[in-house]
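Dumped protein11.txt below, it's compact mmCIF, C-alpha atoms:
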```
# COMPACT_ATOMS: atom_id res chain seq x y z
CA MET F 1 25.34 -21.02 240.31
CA ASN F 2 26.93 -24.48 240.21
CA TRP F 3 23.92 -26.77 240.35
CA ILE F 4 26.06 -29.88 240.86
CA THR F 5 27.65 -28.44 244.01
CA ASN F 6 24.60 -26.65 245.33
CA TYR F 7 21.90 -29.21 244.58
CA VAL F 8 23.07 -32.63 243.36
CA ARG F 9 25.81 -33.26 245.95
CA PRO F 10 23.69 -32.26 249.02
CA ARG F 11 20.87 -34.40 247.66
CA ILE F 12 23.13 -37.45 247.33
CA ASN F 13 24.63 -36.87 250.77
CA SER F 14 21.18 -36.65 252.35
CA ILE F 15 20.18 -40.00 250.82
CA PHE F 16 23.29 -41.94 251.78
CA SER F 17 24.15 -40.16 255.01
CA ARG F 18 24.13 -42.28 258.17
CA ARG F 19 21.06 -41.78 260.32
CA GLU F 20 21.73 -41.16 263.97
CA THR F 21 20.03 -43.51 266.44
CA PRO F 22 18.11 -41.64 269.17
CA GLU F 23 19.69 -42.02 272.60
CA ASN F 24 16.44 -42.86 274.37
CA LEU F 25 15.66 -46.07 272.46
CA TRP F 26 17.47 -48.25 274.99
CA GLN F 27 17.74 -48.09 278.77
CA LYS F 28 20.13 -49.99 280.99
CA CYS F 29 18.76 -51.78 284.05
CA ASP F 30 20.41 -50.46 287.21
CA GLU F 31 20.27 -53.90 288.85
CA CYS F 32 21.38 -56.45 286.22
CA GLY F 33 22.79 -54.22 283.47
CA THR F 34 20.49 -55.57 280.74
CA MET F 35 19.81 -53.20 277.84
CA LEU F 36 16.04 -52.87 277.49
CA PHE F 37 14.19 -51.53 274.45
CA HIS F 38 12.09 -48.52 275.43
CA ARG F 39 8.77 -49.88 274.13
CA GLU F 40 9.26 -53.23 275.82
CA LEU F 41 10.17 -51.48 279.07
CA SER F 42 7.19 -49.13 278.85
CA ASP F 43 4.77 -52.00 278.16
CA ASN F 44 6.10 -53.71 281.31
CA LEU F 45 5.52 -50.55 283.42
CA ASN F 46 9.24 -49.77 283.77
CA VAL F 47 9.96 -53.15 285.33
CA CYS F 48 13.03 -54.99 284.03
CA THR F 49 11.95 -58.02 282.00
CA ASN F 50 15.15 -59.86 282.96
CA CYS F 51 15.48 -59.44 286.75
CA GLY F 52 12.19 -57.76 287.77
CA HIS F 53 13.89 -54.59 289.05
CA HIS F 54 11.37 -51.76 289.49
CA MET F 55 12.57 -48.53 287.89
CA VAL F 56 11.13 -45.07 288.42
CA ILE F 57 7.77 -44.41 286.78
CA SER F 58 6.06 -41.03 286.59
CA PRO F 59 2.67 -40.50 288.27
CA ARG F 60 1.03 -39.78 284.92
CA ASP F 61 2.29 -43.03 283.37
CA ARG F 62 1.28 -44.89 286.53
CA PHE F 63 -2.25 -43.50 286.37
CA THR F 64 -2.51 -44.32 282.66
CA ALA F 65 -1.82 -47.97 283.47
CA LEU F 66 -3.97 -47.95 286.63
CA PHE F 67 -7.27 -46.41 285.53
CA ASP F 68 -9.70 -48.10 283.17
CA GLY F 69 -8.73 -47.25 279.61
CA GLY F 70 -6.09 -44.86 280.93
CA VAL F 71 -8.81 -42.26 281.49
CA PHE F 72 -8.70 -40.08 284.60
CA ALA F 73 -9.64 -36.54 285.61
CA GLU F 74 -7.11 -34.36 287.41
CA ILE F 75 -8.24 -32.72 290.64
CA SER F 76 -7.17 -29.11 291.13
CA VAL F 77 -4.92 -28.33 294.09
CA PRO F 78 -4.78 -24.89 295.78
CA GLU F 79 -1.57 -23.02 294.98
CA PRO F 80 0.64 -22.24 298.01
CA ILE F 81 2.90 -19.22 298.45
CA ALA F 82 5.68 -19.45 295.85
CA ASP F 83 8.76 -18.75 298.00
CA PRO F 84 7.66 -18.09 301.60
CA LEU F 85 11.17 -18.06 303.15
CA GLN F 86 13.07 -16.41 300.26
CA PHE F 87 15.35 -19.43 300.47
CA ARG F 88 18.60 -19.63 298.56
CA ASP F 89 21.45 -22.15 298.58
CA GLN F 90 23.48 -22.55 295.40
CA LYS F 91 20.37 -21.47 293.50
CA LYS F 92 17.24 -19.59 294.38
CA TYR F 93 14.22 -21.73 295.25
CA PRO F 94 12.14 -20.43 292.28
CA GLU F 95 14.98 -21.36 289.93
CA ARG F 96 15.05 -24.92 291.26
CA MET F 97 11.28 -25.12 290.85
CA LYS F 98 11.48 -23.98 287.21
CA ALA F 99 14.22 -26.52 286.50
CA ALA F 100 12.17 -29.35 288.04
CA GLN F 101 9.06 -28.31 286.14
CA LYS F 102 11.00 -28.23 282.87
CA SER F 103 12.62 -31.65 283.39
CA THR F 104 9.44 -33.45 284.52
CA GLY F 105 6.74 -31.53 282.67
CA GLU F 106 4.68 -31.39 285.87
CA LYS F 107 3.68 -28.47 288.06
CA GLU F 108 4.71 -30.06 291.36
CA ALA F 109 5.75 -33.29 293.07
CA MET F 110 2.24 -34.74 293.48
CA LEU F 111 -0.57 -35.56 291.05
CA VAL F 112 -4.19 -36.00 292.18
CA ALA F 113 -6.79 -37.70 289.97
CA SER F 114 -10.14 -39.46 290.05
CA GLY F 115 -11.47 -42.25 287.88
CA GLU F 116 -12.34 -45.94 287.88
CA ILE F 117 -10.28 -49.11 288.29
CA GLY F 118 -12.17 -52.27 287.41
CA ARG F 119 -15.30 -50.08 287.26
CA THR F 120 -14.68 -49.08 290.87
CA PRO F 121 -14.63 -45.29 291.41
CA ILE F 122 -11.59 -44.09 293.37
CA VAL F 123 -9.45 -41.03 294.08
CA ALA F 124 -5.69 -41.54 293.63
CA VAL F 125 -2.61 -39.55 294.60
CA ALA F 126 0.95 -40.18 293.41
CA GLN F 127 4.28 -38.57 294.22
CA ASP F 128 6.95 -37.89 291.62
CA PHE F 129 10.44 -38.62 292.92
CA SER F 130 11.93 -36.99 289.82
CA PHE F 131 10.52 -33.64 291.00
CA MET F 132 13.03 -32.45 293.62
CA GLY F 133 13.18 -35.92 295.15
CA GLY F 134 9.41 -35.98 295.67
CA SER F 135 10.00 -33.71 298.63
CA MET F 136 7.02 -32.82 300.81
CA GLY F 137 6.23 -29.11 300.64
CA MET F 138 3.09 -27.05 301.09
CA TYR F 139 1.76 -28.11 297.68
CA VAL F 140 2.03 -31.78 298.64
CA GLY F 141 0.10 -31.07 301.86
CA ASN F 142 -2.56 -29.19 299.88
CA ALA F 143 -2.77 -32.09 297.42
CA ILE F 144 -3.42 -34.67 300.14
CA VAL F 145 -6.05 -32.47 301.78
CA ALA F 146 -7.73 -31.85 298.40
CA ALA F 147 -7.70 -35.58 297.61
CA ALA F 148 -9.22 -36.47 300.99
CA GLN F 149 -11.93 -33.82 300.64
CA GLU F 150 -12.78 -35.07 297.13
CA ALA F 151 -12.91 -38.68 298.33
CA VAL F 152 -15.24 -37.77 301.22
CA LYS F 153 -17.41 -35.67 298.90
CA LEU F 154 -17.76 -38.48 296.31
CA LYS F 155 -17.70 -41.28 298.93
CA ARG F 156 -14.76 -42.98 297.24
CA PRO F 157 -11.68 -44.75 298.63
CA LEU F 158 -8.33 -42.98 298.45
CA ILE F 159 -5.22 -44.73 297.08
CA LEU F 160 -1.86 -43.03 297.61
CA PHE F 161 1.46 -43.90 295.92
CA SER F 162 4.32 -42.53 297.99
CA ALA F 163 7.84 -41.80 296.69
CA ALA F 164 9.77 -39.12 298.57
CA GLY F 165 13.08 -38.16 300.09
CA GLY F 166 11.40 -36.39 302.99
CA ALA F 167 10.45 -32.79 303.75
CA ARG F 168 11.46 -29.92 301.43
CA MET F 169 14.19 -27.94 303.13
CA GLN F 170 13.49 -24.83 301.05
CA GLU F 171 10.21 -24.41 302.93
CA GLY F 172 11.59 -25.14 306.41
CA ILE F 173 9.03 -25.45 309.20
CA LEU F 174 6.19 -24.91 306.71
CA SER F 175 7.18 -28.19 305.11
CA LEU F 176 7.17 -30.03 308.45
CA MET F 177 3.68 -28.66 309.17
CA GLN F 178 2.38 -30.83 306.33
CA MET F 179 2.90 -33.92 308.49
CA PRO F 180 0.05 -33.09 310.93
CA ARG F 181 -2.03 -31.60 308.09
CA SER F 182 -1.87 -34.83 306.11
CA THR F 183 -2.63 -36.83 309.28
CA VAL F 184 -5.81 -34.80 309.78
CA ALA F 185 -6.75 -35.43 306.14
CA VAL F 186 -6.38 -39.18 306.66
CA GLN F 187 -8.54 -38.93 309.78
CA MET F 188 -11.27 -37.32 307.65
CA LEU F 189 -11.38 -40.50 305.57
CA LYS F 190 -11.53 -42.76 308.62
CA GLU F 191 -14.39 -40.75 310.14
CA ALA F 192 -16.28 -41.03 306.85
CA GLY F 193 -15.75 -44.80 306.83
CA LEU F 194 -13.75 -44.74 303.59
CA PRO F 195 -10.72 -46.96 302.88
CA TYR F 196 -7.27 -45.42 302.69
CA ILE F 197 -4.75 -47.61 300.85
CA VAL F 198 -1.06 -46.76 300.65
CA VAL F 199 1.36 -48.15 298.06
CA LEU F 200 4.94 -47.46 299.12
CA THR F 201 7.38 -47.24 296.22
CA HIS F 202 11.13 -46.76 296.08
CA PRO F 203 12.16 -44.71 297.97
CA THR F 204 9.80 -43.56 300.74
CA THR F 205 11.80 -41.86 303.48
CA GLY F 206 11.86 -39.04 306.02
CA GLY F 207 8.81 -37.13 307.20
CA VAL F 208 6.61 -38.81 304.58
CA THR F 209 7.18 -42.18 306.26
CA ALA F 210 6.52 -40.54 309.64
CA SER F 211 3.10 -39.29 308.53
CA TYR F 212 0.65 -40.20 305.77
CA ALA F 213 2.71 -43.00 304.17
CA MET F 214 2.29 -45.31 307.19
CA LEU F 215 -1.34 -44.54 308.13
CA GLY F 216 -3.11 -46.68 305.56
CA ASP F 217 -5.79 -49.24 306.32
CA VAL F 218 -3.80 -51.48 303.98
CA GLN F 219 -0.04 -51.06 303.44
CA ILE F 220 1.35 -52.42 300.17
CA ALA F 221 4.88 -51.98 298.83
CA GLU F 222 6.65 -52.61 295.55
CA PRO F 223 9.48 -55.18 295.65
CA ASN F 224 12.82 -54.04 297.14
CA ALA F 225 11.51 -50.53 297.89
CA LEU F 226 13.49 -48.57 300.46
CA ILE F 227 11.12 -47.56 303.27
CA CYS F 228 12.55 -45.75 306.29
CA PHE F 229 12.78 -42.53 308.28
CA ALA F 230 16.58 -42.22 308.43
CA GLY F 231 18.56 -43.92 305.69
CA PRO F 232 20.75 -46.97 306.32
CA ARG F 233 23.97 -45.01 305.75
CA VAL F 234 23.02 -42.50 308.45
CA ILE F 235 22.17 -45.30 310.89
CA GLU F 236 25.41 -47.15 310.21
CA GLN F 237 27.46 -43.99 310.77
CA THR F 238 25.57 -43.24 313.99
CA LEU F 239 25.74 -46.74 315.48
CA GLY F 240 29.09 -47.69 314.03
CA GLU F 241 27.69 -51.13 313.12
CA ARG F 242 26.78 -52.86 309.89
CA LEU F 243 23.05 -53.34 309.38
CA PRO F 244 21.42 -56.70 308.48
CA GLU F 245 21.12 -57.67 304.83
CA GLY F 246 18.04 -56.12 303.22
CA PHE F 247 17.42 -53.85 306.21
CA GLN F 248 14.65 -51.24 305.58
CA ARG F 249 13.65 -52.91 302.33
CA ALA F 250 10.05 -53.89 301.60
CA GLU F 251 10.57 -57.62 302.12
CA TYR F 252 12.32 -57.03 305.47
CA LEU F 253 9.46 -54.81 306.69
CA LEU F 254 6.92 -57.39 305.54
CA ASP F 255 8.65 -60.11 307.57
CA HIS F 256 8.62 -57.82 310.64
CA GLY F 257 4.92 -56.94 310.41
CA MET F 258 5.10 -53.36 309.13
CA LEU F 259 3.52 -54.14 305.74
CA ASP F 260 0.53 -56.17 304.66
CA ARG F 261 1.83 -57.20 301.26
CA VAL F 262 4.62 -56.80 298.71
CA THR F 263 3.21 -56.77 295.19
CA ALA F 264 4.90 -56.37 291.81
CA ARG F 265 3.91 -53.31 289.81
CA THR F 266 2.57 -55.42 286.95
CA GLU F 267 0.12 -57.08 289.38
CA MET F 268 -0.72 -53.97 291.40
CA ARG F 269 -3.84 -52.96 289.47
CA ASP F 270 -5.61 -56.31 290.01
CA GLU F 271 -4.53 -56.29 293.65
CA LEU F 272 -5.93 -52.81 294.25
CA ILE F 273 -9.20 -53.66 292.51
CA SER F 274 -9.74 -56.71 294.72
CA ILE F 275 -8.82 -54.94 297.97
CA THR F 276 -10.82 -51.81 297.17
CA ARG F 277 -13.99 -53.69 296.31
CA MET F 278 -13.60 -55.88 299.37
CA LEU F 279 -13.24 -52.88 301.71
CA MET F 280 -16.19 -51.12 300.05
CA GLY F 281 -18.41 -54.18 300.43
CA LEU F 282 -18.78 -54.67 296.67
CA PRO F 283 -18.92 -58.01 294.81
CA PRO F 284 -15.78 -59.23 293.05
CA ALA F 285 -14.93 -57.44 289.82
CA VAL F 286 -15.97 -59.07 286.55
CA ARG F 287 -13.02 -59.87 284.32
CA GLY F 288 -13.06 -58.36 280.86
CA ASP F 289 -15.87 -56.13 279.71
CA LEU F 290 -18.78 -58.51 280.26
CA PRO F 291 -21.89 -57.59 282.25
CA ALA F 292 -22.21 -58.99 285.75
CA PRO F 293 -24.25 -62.22 286.07
CA ASP F 294 -27.86 -61.96 287.16
CA PRO F 295 -28.00 -63.03 290.85
CA LYS F 296 -31.72 -64.00 290.52
CA GLN F 297 -31.02 -66.67 287.91
CA LYS F 298 -30.14 -70.03 289.44
CA PRO F 299 -27.11 -71.74 287.89
CA ASP F 300 -28.87 -75.15 287.79
CA ALA F 301 -32.05 -73.82 286.13
CA LYS F 302 -33.22 -75.96 283.20
CA PRO F 303 -33.54 -74.23 279.81
CA LYS F 304 -37.08 -73.52 278.73
CA GLN F 305 -38.49 -75.51 275.81
CA THR F 306 -39.93 -73.51 272.94
CA GLN F 307 -42.78 -74.66 270.71
CA PRO F 308 -41.84 -74.59 267.00
CA LYS F 309 -44.11 -72.57 264.74
CA ASP F 310 -44.84 -75.56 262.47
CA GLY F 311 -46.56 -77.47 265.32
CA SER F 312 -43.97 -80.27 265.54
CA ALA F 313 -42.64 -81.58 268.85
CA PRO F 314 -40.28 -79.32 270.69
CA ASP F 315 -36.57 -80.12 270.61
CA LYS F 316 -35.08 -81.67 273.72
CA PRO F 317 -32.16 -79.89 275.30
CA ALA F 318 -28.81 -81.41 274.48
CA ALA F 319 -27.37 -83.71 277.14
CA THR F 320 -24.40 -82.42 279.03
CA SER F 321 -21.59 -84.53 280.38
```
Take the structure in the file and give it back as structure tokens.
Amino acid sequence: MNWITNYVRPRINSIFSRRETPENLWQKCDECGTMLFHRELSDNLNVCTNCGHHMVISPRDRFTALFDGGVFAEISVPEPIADPLQFRDQKKYPERMKAAQKSTGEKEAMLVASGEIGRTPIVAVAQDFSFMGGSMGMYVGNAIVAAAQEAVKLKRPLILFSAAGGARMQEGILSLMQMPRSTVAVQMLKEAGLPYIVVLTHPTTGGVTASYAMLGDVQIAEPNALICFAGPRVIEQTLGERLPEGFQRAEYLLDHGMLDRVTARTEMRDELISITRMLMGLPPAVRGDLPAPDPKQKPDAKPKQTQPKDGSAPDKPAATS
């Protein structure tokens, strides 16, 4: 055995060899082209620090930033029939499902959870556009019904983050049936007197927009989110005319009265805390982790004087300017 060839040379090569840089350390902004470091981008909730462009964020990362301490409990959703229509295009439907589950690490296109935001108990639902375009299938309908039932049971408001390309064609009419099902679930909340808040993210289109995404008591959207039923390209081809600048974007809908507010993702948590507590009839949230002030104590009450143990005269309270 040649120890120089078999041991010394590989050892030297391993020390001085060039280390490969992982490909996921930097991400390019789709809007301005700025290269963003992954930690800086993650700390800013996938919002470009240069131009403010809102990139895709997974429901799990969104919930981690939304709930107090990033702690939340997932709510189980009933499993639908796996492949009810035996649908096949270029691939079988189960194969597409396995590919989406592998790429996203999630079971389906919607995540349901419960927890607290600003010490306010809520139930939250979020769609994952990375999972087959966030398409609305039977699982999504089951998730909304399960979330509404849990909210009614616990007497909590429901907050929904929508992001979808519409109904799931692999489930045909069964997918379209989730539109009235989700509408009934929202009606359950209204009959129970519980708030239903919708946050529309980019993009929210198709049957989702025609059902539960536009039924909120309060409609909030992230900046420049595409919100529509039929996309602008389809409308332009149908009408043969060019649409106005910014048509079907969040700011355009806000100006035309279809939204209540457009809020940046980095400010969304504080916004939701304020709105939720207001709709639930609760006092404003206390910033930080301090206890709430005692309402019985008057702010202009004079401090009590204490008698020193040595019998001397009590100290006078310091004058305030």
Can you list, as a list in words, every protein, DNA or RNA residue that comes within 8 Å of stretch 230-237 of chain F when you count all atoms listed in the file, leaving out same-chain residues fewer than 2 positions away?
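What passes the distance filter is Thr205, Gly206, Cys228, Leu239, Gly240, Glu241, Arg242, Leu243, Phe247 and Gln248 of chain F.
One distance worth recording is that between atom CA of F:Asn50 and atom CA of F:Cys32, which is 7.8 Å.
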Excluding same-chain residues fewer than 3 positions from stretch 69-72 of chain F, what lies within 10 Å of it counting all atoms listed in the file, as a PyMOL selection string?
chain F and resi 60-66+75+112-118+123-124
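Coordinates place atom CA of F:Tyr212 at a distance of 15.0 Å from atom CA of F:Pro157.
Straight-line separation from atom CA of F:Ala151 to atom CA of F:Ile122: 7.5 Å.
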I want to know what sits within 12 Å of F:Ala99, based on only C-alpha atoms, with residues of the same chain fewer than 5 positions away left out; could you give that as a list in words?
Lys91, Lys92, Tyr93, Pro94, Thr104, Gly105, Glu106, Lys107, Glu108, Ser130, Phe131 and Met132 of chain F
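Take the candidates F:Thr266, F:Arg261, F:Met55, F:Ala167 and check each one against F:Asp43 using all atoms listed in the file; the shortest distance goes to F:Thr266.
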When you look at F:Ala109 with a cut-off of 6 Å (counting only C-alpha atoms), what residues show up, excluding the ones that are within fewer than 3 positions of it in the same chain? I need them as a list in words.
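The residues satisfying every condition are Gln127, Asp128, Phe131 and Gly134 of chain F.
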Give, as AutoDock Vina command-line options, the centre coordinates and the x, y and z edge lengths in Å to one decimal for an axis-aligned box around all listed atoms of stretch 213-221 of chain F, padded by 3 Å on each side.
```
--center_x -0.5 --center_y -47.7 --center_z 303.5 --size_x 16.7 --size_y 15.4 --size_z 15.3
```
Given only C-alpha atoms as the basis, pick out the residue of F:Glu31, F:Asp255, F:Glu171, F:Asp260 nearest to F:Val218.
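The closest residue to F:Val218 is F:Asp260.
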Here is a test: counting only C-alpha atoms, which residue of F:Leu194, F:Ser58, F:Gly257, F:Val145 is nearest to F:Ser162?
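Result for the nearest residue to F:Ser162: F:Ser58.
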